[in-house]
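Structure record follows, encoded as structure tokens.
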Amino acid sequence: MKLGFLSDIHEDVISLQKGLDILYKECCDQIICLGDIIGFSNPYYPFGKTRDANACIDLVKSNCAIVVPGNHDLFSAGKIPLYSAGIEYPRDWFQMKICDRMDLMKGQIWLYENELKAELTRENILYIRTLPEYHILKLDCGNILFSHFLYPDISGSLRKRIDELCDYRNHFWFMRQNNCILSFAGHMHKEGFEVVNLRGLREFSFKKKRLPKSESFVGLPSIAHGRNKNGVAVFDTETFELKALRIK
């Protein structure tokens, strides 16, 4: 089975459509969205005139078999993360002033103070709120975990940098608890993809690579056209071949 991946769309409806076209040409059996459909800020993204949060959500709903939310999605829909990595959010979090949020959290989490508000429809707000923060696909080759980021910060709400192999330890524990051989996530806007396992952490450009049939985490590129090169990915569950494809 061929799995197609979209992640970190950030309201870029033009790049999303191009990414979907690529995945359909690759004859993917299922398309999976790994979150951050929403979330736009200047000057990080140059497509302000064409951004369309509702159109992106509608495309994801009609084309993706599996969807998990990212940190920007949860914030835009007014939902506190279920997997909060130990952060305690007050019940009135979304009613608090930004200065009070800053004082309370002391730089631990993203506060989105420079983000332009996405004018979501009521239907799309409810859609985001009902999405599970992770999904496990059960296959003969082993279970596969899909999330926006790493356990226990599954939605990617923390500002913490992930630089070392030890930073993935809790996520691998979570994978083992759910009998997962592979885990795919977005959030990091990779220019290609990264593979993390017992052999270490390796970065790859937009190319084709056969993954080892052993416990591994895979970080994927973004759809959004921004500072990083953007693209999609395709994974063949029979051959374990992963292919990252640029959007042009």
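Identifiers for the structure tokens are assigned positionally: chains receive A, B, ... in sequence, residues are indexed from 1 per chain, and ligands are indexed from 1 in the order shown.
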
With only C-alpha atoms as the counted atoms, please give the residues lying no more than 7 Å from range 24-31 of chain A, apart from itself and same-chain residues fewer than 4 positions off, as a ChimeraX atom specification.
/A:1-5,20,63-66

Can you pull out the residues contacting Ile80 in chain A? Cut-off 10 Å, using only C-alpha atoms, and skip same-chain residues under 3 positions away; I want them as a PyMOL selection string.
chain A and resi 71+74-75+77+83-84+88-91+93-94+129+157

Quick one: pick out all strand (DSSP E or B) residues within range 33-201 of chain A from a backbone DSSP run and write them as a compact mmCIF listing (two decimals) with N, CA and C atoms, in the first residue's frame.
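Saved to part.txt:
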```txt
# COMPACT_ATOMS: atom_id res chain seq x y z
N CYS A 33 -2.86 13.57 6.46
CA CYS A 33 -2.48 14.94 6.81
C CYS A 33 -1.97 14.95 8.24
N PHE A 40 -0.94 31.23 9.86
CA PHE A 40 -0.23 32.11 8.92
C PHE A 40 0.32 33.33 9.65
N SER A 41 1.58 33.67 9.35
CA SER A 41 2.16 34.88 9.91
C SER A 41 3.10 35.52 8.90
N ILE A 66 -6.84 10.05 6.79
CA ILE A 66 -6.42 10.21 8.18
C ILE A 66 -5.93 11.64 8.36
N VAL A 67 -6.38 12.30 9.44
CA VAL A 67 -5.98 13.68 9.72
C VAL A 67 -5.74 13.82 11.22
N ILE A 109 5.66 27.75 25.82
CA ILE A 109 4.84 27.32 24.69
C ILE A 109 4.71 28.44 23.66
N GLU A 115 0.45 35.81 14.75
CA GLU A 115 -0.32 35.04 13.77
C GLU A 115 -1.59 35.79 13.37
N LEU A 116 -1.87 35.81 12.06
CA LEU A 116 -3.11 36.43 11.58
C LEU A 116 -4.26 35.46 11.81
N TYR A 134 -3.48 11.85 17.71
CA TYR A 134 -2.61 10.89 17.01
C TYR A 134 -3.47 9.77 16.44
N HIS A 135 -2.90 9.02 15.50
CA HIS A 135 -3.62 7.91 14.89
C HIS A 135 -2.64 6.75 14.70
N ILE A 136 -3.12 5.54 14.93
CA ILE A 136 -2.29 4.35 14.72
C ILE A 136 -2.92 3.50 13.62
N LEU A 137 -2.14 3.26 12.58
CA LEU A 137 -2.57 2.42 11.46
C LEU A 137 -2.00 1.03 11.67
N ASN A 143 2.53 -1.73 13.27
CA ASN A 143 1.73 -0.53 13.44
C ASN A 143 2.54 0.72 13.07
N ILE A 144 1.82 1.73 12.55
CA ILE A 144 2.46 2.99 12.19
C ILE A 144 1.75 4.12 12.93
N LEU A 145 2.52 4.96 13.61
CA LEU A 145 1.99 6.08 14.38
C LEU A 145 2.06 7.36 13.55
N PHE A 146 0.96 8.09 13.51
CA PHE A 146 0.89 9.38 12.83
C PHE A 146 0.59 10.46 13.87
N SER A 147 1.39 11.51 13.91
CA SER A 147 1.16 12.62 14.82
C SER A 147 1.80 13.87 14.23
N LEU A 158 4.97 23.06 22.46
CA LEU A 158 6.12 23.56 23.22
C LEU A 158 7.11 24.28 22.32
N CYS A 180 4.36 0.12 17.68
CA CYS A 180 4.59 0.79 16.40
C CYS A 180 6.04 0.60 15.94
N ILE A 181 6.19 0.18 14.71
CA ILE A 181 7.53 0.05 14.14
C ILE A 181 8.00 1.35 13.50
N LEU A 182 7.02 2.15 13.05
CA LEU A 182 7.34 3.43 12.41
C LEU A 182 6.47 4.54 12.98
N SER A 183 7.00 5.76 12.90
CA SER A 183 6.25 6.94 13.29
C SER A 183 6.54 8.05 12.29
N PHE A 184 5.49 8.70 11.80
CA PHE A 184 5.63 9.82 10.86
C PHE A 184 5.06 11.08 11.50
N ALA A 185 5.79 12.20 11.35
CA ALA A 185 5.33 13.47 11.91
C ALA A 185 5.77 14.62 11.02
N PHE A 193 13.58 14.96 4.43
CA PHE A 193 13.06 14.23 5.59
C PHE A 193 14.21 13.85 6.51
N GLU A 194 13.86 13.50 7.74
CA GLU A 194 14.84 12.98 8.69
C GLU A 194 14.41 11.60 9.14
N VAL A 195 15.38 10.75 9.45
CA VAL A 195 15.11 9.41 9.97
C VAL A 195 15.90 9.27 11.27
N VAL A 196 15.20 8.89 12.34
CA VAL A 196 15.82 8.73 13.66
C VAL A 196 15.57 7.31 14.15
N ASN A 197 16.64 6.62 14.50
CA ASN A 197 16.53 5.26 15.06
C ASN A 197 17.80 4.96 15.85
N GLY A 200 21.08 6.44 14.85
CA GLY A 200 21.31 7.86 15.01
C GLY A 200 20.26 8.69 14.29
N LEU A 201 20.58 9.95 14.06
CA LEU A 201 19.68 10.89 13.40
C LEU A 201 20.33 11.33 12.09
```

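Comparing A:Pro81, A:Ala244, A:Arg122, A:Lys138 by their smallest distance to Arg210 in chain A, the closest is A:Ala244 (using only C-alpha atoms).
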
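If you count only C-alpha atoms and ignore residues fewer than 5 places along the chain from Lys97 in chain A, what sits within 12 Å of it is Asp92, Met102, Asp103, Leu104, Leu111 and Glu113 of chain A.
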
Produce a file of the selected residues containing N, CA and C atoms, as a PDB file, in the first residue's frame.
```pdb
ATOM      1  N   ASP A  92      -9.785  29.257  31.455  1.00  0.00           N
ATOM      2  CA  ASP A  92     -10.102  30.465  30.669  1.00  0.00           C
ATOM      3  C   ASP A  92      -8.941  30.875  29.769  1.00  0.00           C
ATOM      4  N   MET A 102       1.638  35.321  28.500  1.00  0.00           N
ATOM      5  CA  MET A 102       3.100  35.382  28.502  1.00  0.00           C
ATOM      6  C   MET A 102       3.654  35.270  29.918  1.00  0.00           C
ATOM      7  N   ASP A 103       3.037  35.987  30.836  1.00  0.00           N
ATOM      8  CA  ASP A 103       3.500  35.982  32.216  1.00  0.00           C
ATOM      9  C   ASP A 103       3.327  34.603  32.849  1.00  0.00           C
ATOM     10  N   LEU A 104       2.243  33.925  32.511  1.00  0.00           N
ATOM     11  CA  LEU A 104       1.957  32.612  33.084  1.00  0.00           C
ATOM     12  C   LEU A 104       2.867  31.525  32.540  1.00  0.00           C
ATOM     13  N   LEU A 111       2.741  31.125  21.632  1.00  0.00           N
ATOM     14  CA  LEU A 111       1.587  31.954  21.976  1.00  0.00           C
ATOM     15  C   LEU A 111       0.932  32.582  20.750  1.00  0.00           C
ATOM     16  N   GLU A 113       1.376  35.167  18.967  1.00  0.00           N
ATOM     17  CA  GLU A 113       1.060  36.596  19.057  1.00  0.00           C
ATOM     18  C   GLU A 113       1.187  37.323  17.728  1.00  0.00           C
TER      19      GLU A 113
END
```

So which one's closest to Pro43 in chain A, A:Asp140, A:His225, A:Leu126, A:Leu242? Using only C-alpha atoms, please.
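Of all the options, A:His225 lies closest to Pro43 in chain A.
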
Expressed in Å to a single decimal, how great is the separation between CA of Gly231 in chain A and CA of Asn54 in chain A?
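A separation of 20.9 Å between them.
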
Can you list, as JSON, numbers by chain, every residue of range 5-115 of chain A that DSSP puts in helix (DSSP H, G or I)?
{"A": [13, 14, 15, 16, 17, 18, 19, 20, 21, 22, 23, 24, 25, 53, 54, 55, 56, 57, 58, 59, 60, 61, 62, 63, 71, 72, 73, 74, 75, 76, 93, 94, 95, 98, 99, 100, 101, 102, 103, 104, 105]}

Residues of the last selection are to be written out with C-alpha atoms, as a short mmCIF file (atom, residue, chain, number, x, y, z; two decimals), in the first residue's frame.
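Heads up, here's the output in result35.cif:
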```
data_model
loop_
_atom_site.label_atom_id
_atom_site.label_comp_id
_atom_site.auth_asym_id
_atom_site.auth_seq_id
_atom_site.Cartn_x
_atom_site.Cartn_y
_atom_site.Cartn_z
CA VAL A 13 -4.17 26.48 -0.72
CA ILE A 14 -2.17 26.75 -3.95
CA SER A 15 0.70 24.57 -2.71
CA LEU A 16 -1.80 22.17 -1.13
CA GLN A 17 -3.50 21.58 -4.47
CA LYS A 18 -0.11 21.05 -6.13
CA GLY A 19 0.82 18.58 -3.40
CA LEU A 20 -2.41 16.65 -3.82
CA ASP A 21 -1.83 16.49 -7.58
CA ILE A 22 1.61 14.96 -6.97
CA LEU A 23 0.22 12.34 -4.57
CA TYR A 24 -2.53 11.33 -6.97
CA LYS A 25 0.01 10.96 -9.77
CA ALA A 53 -7.81 28.45 5.76
CA ASN A 54 -11.33 27.18 5.04
CA ALA A 55 -10.47 26.07 1.51
CA CYS A 56 -7.45 24.14 2.88
CA ILE A 57 -9.57 22.40 5.51
CA ASP A 58 -12.19 21.52 2.89
CA LEU A 59 -9.51 20.01 0.62
CA VAL A 60 -8.07 18.01 3.51
CA LYS A 61 -11.52 16.74 4.52
CA SER A 62 -12.33 15.59 0.99
CA ASN A 63 -8.96 14.03 0.14
CA ASN A 71 -0.49 23.19 17.36
CA HIS A 72 -1.74 25.98 15.06
CA ASP A 73 -4.94 24.04 14.33
CA LEU A 74 -5.75 23.56 18.01
CA PHE A 75 -5.06 27.20 18.78
CA SER A 76 -7.22 28.43 15.89
CA TRP A 93 -6.91 30.19 28.57
CA PHE A 94 -8.48 31.46 25.36
CA GLN A 95 -10.15 34.37 27.12
CA ILE A 98 -1.77 37.89 25.66
CA CYS A 99 0.30 39.65 28.33
CA ASP A 100 -1.22 37.41 31.00
CA ARG A 101 -0.51 34.30 28.92
CA MET A 102 3.10 35.38 28.50
CA ASP A 103 3.50 35.98 32.22
CA LEU A 104 1.96 32.61 33.08
CA MET A 105 3.82 30.42 30.60
#
```

Could you please determine the separation between CA of Arg199 in chain A and CA of Pro152 in chain A in Å, to one decimal place?
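Separating CA of Arg199 in chain A from CA of Pro152 in chain A is a distance of 22.6 Å.
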
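The gap separating CA of Gly186 in chain A from CA of Glu238 in chain A is 22.4 Å, in Å to one decimal.
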
What lies within 6 Å of His10 in chain A using only C-alpha atoms, ignoring chain neighbours under 5 positions off, as a list in words?
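Near His10 in chain A, the qualifying residues are Asp36, Ile37, Ile38, Gly39, Phe40 and Ala224 of chain A.
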
Output for the residues just chosen: N, CA and C atoms as a PDB file, in the first residue's frame:
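Output below, filename result15.pdb:
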```
ATOM      1  N   ASP A  36      -1.314  21.146  11.191  1.00  0.00           N
ATOM      2  CA  ASP A  36      -1.054  22.550  10.858  1.00  0.00           C
ATOM      3  C   ASP A  36      -1.597  22.897   9.478  1.00  0.00           C
ATOM      4  N   ILE A  37      -2.870  22.623   9.317  1.00  0.00           N
ATOM      5  CA  ILE A  37      -3.609  23.080   8.139  1.00  0.00           C
ATOM      6  C   ILE A  37      -3.693  24.606   8.193  1.00  0.00           C
ATOM      7  N   ILE A  38      -3.804  25.119   9.403  1.00  0.00           N
ATOM      8  CA  ILE A  38      -4.001  26.539   9.668  1.00  0.00           C
ATOM      9  C   ILE A  38      -2.710  27.127  10.241  1.00  0.00           C
ATOM     10  N   GLY A  39      -2.627  28.452  10.256  1.00  0.00           N
ATOM     11  CA  GLY A  39      -1.512  29.135  10.909  1.00  0.00           C
ATOM     12  C   GLY A  39      -0.680  29.947   9.939  1.00  0.00           C
ATOM     13  N   PHE A  40      -0.943  31.234   9.857  1.00  0.00           N
ATOM     14  CA  PHE A  40      -0.228  32.106   8.918  1.00  0.00           C
ATOM     15  C   PHE A  40       0.317  33.327   9.648  1.00  0.00           C
ATOM     16  N   ALA A 224       3.548  24.198   2.934  1.00  0.00           N
ATOM     17  CA  ALA A 224       3.579  25.655   2.797  1.00  0.00           C
ATOM     18  C   ALA A 224       4.862  26.144   2.125  1.00  0.00           C
TER      19      ALA A 224
END
```

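Of the residues listed (A:Lys229, A:Arg159, A:His171, A:Arg51), A:Arg51 shows the shortest atom-to-atom separation from Lys117 in chain A; distances use only C-alpha atoms.
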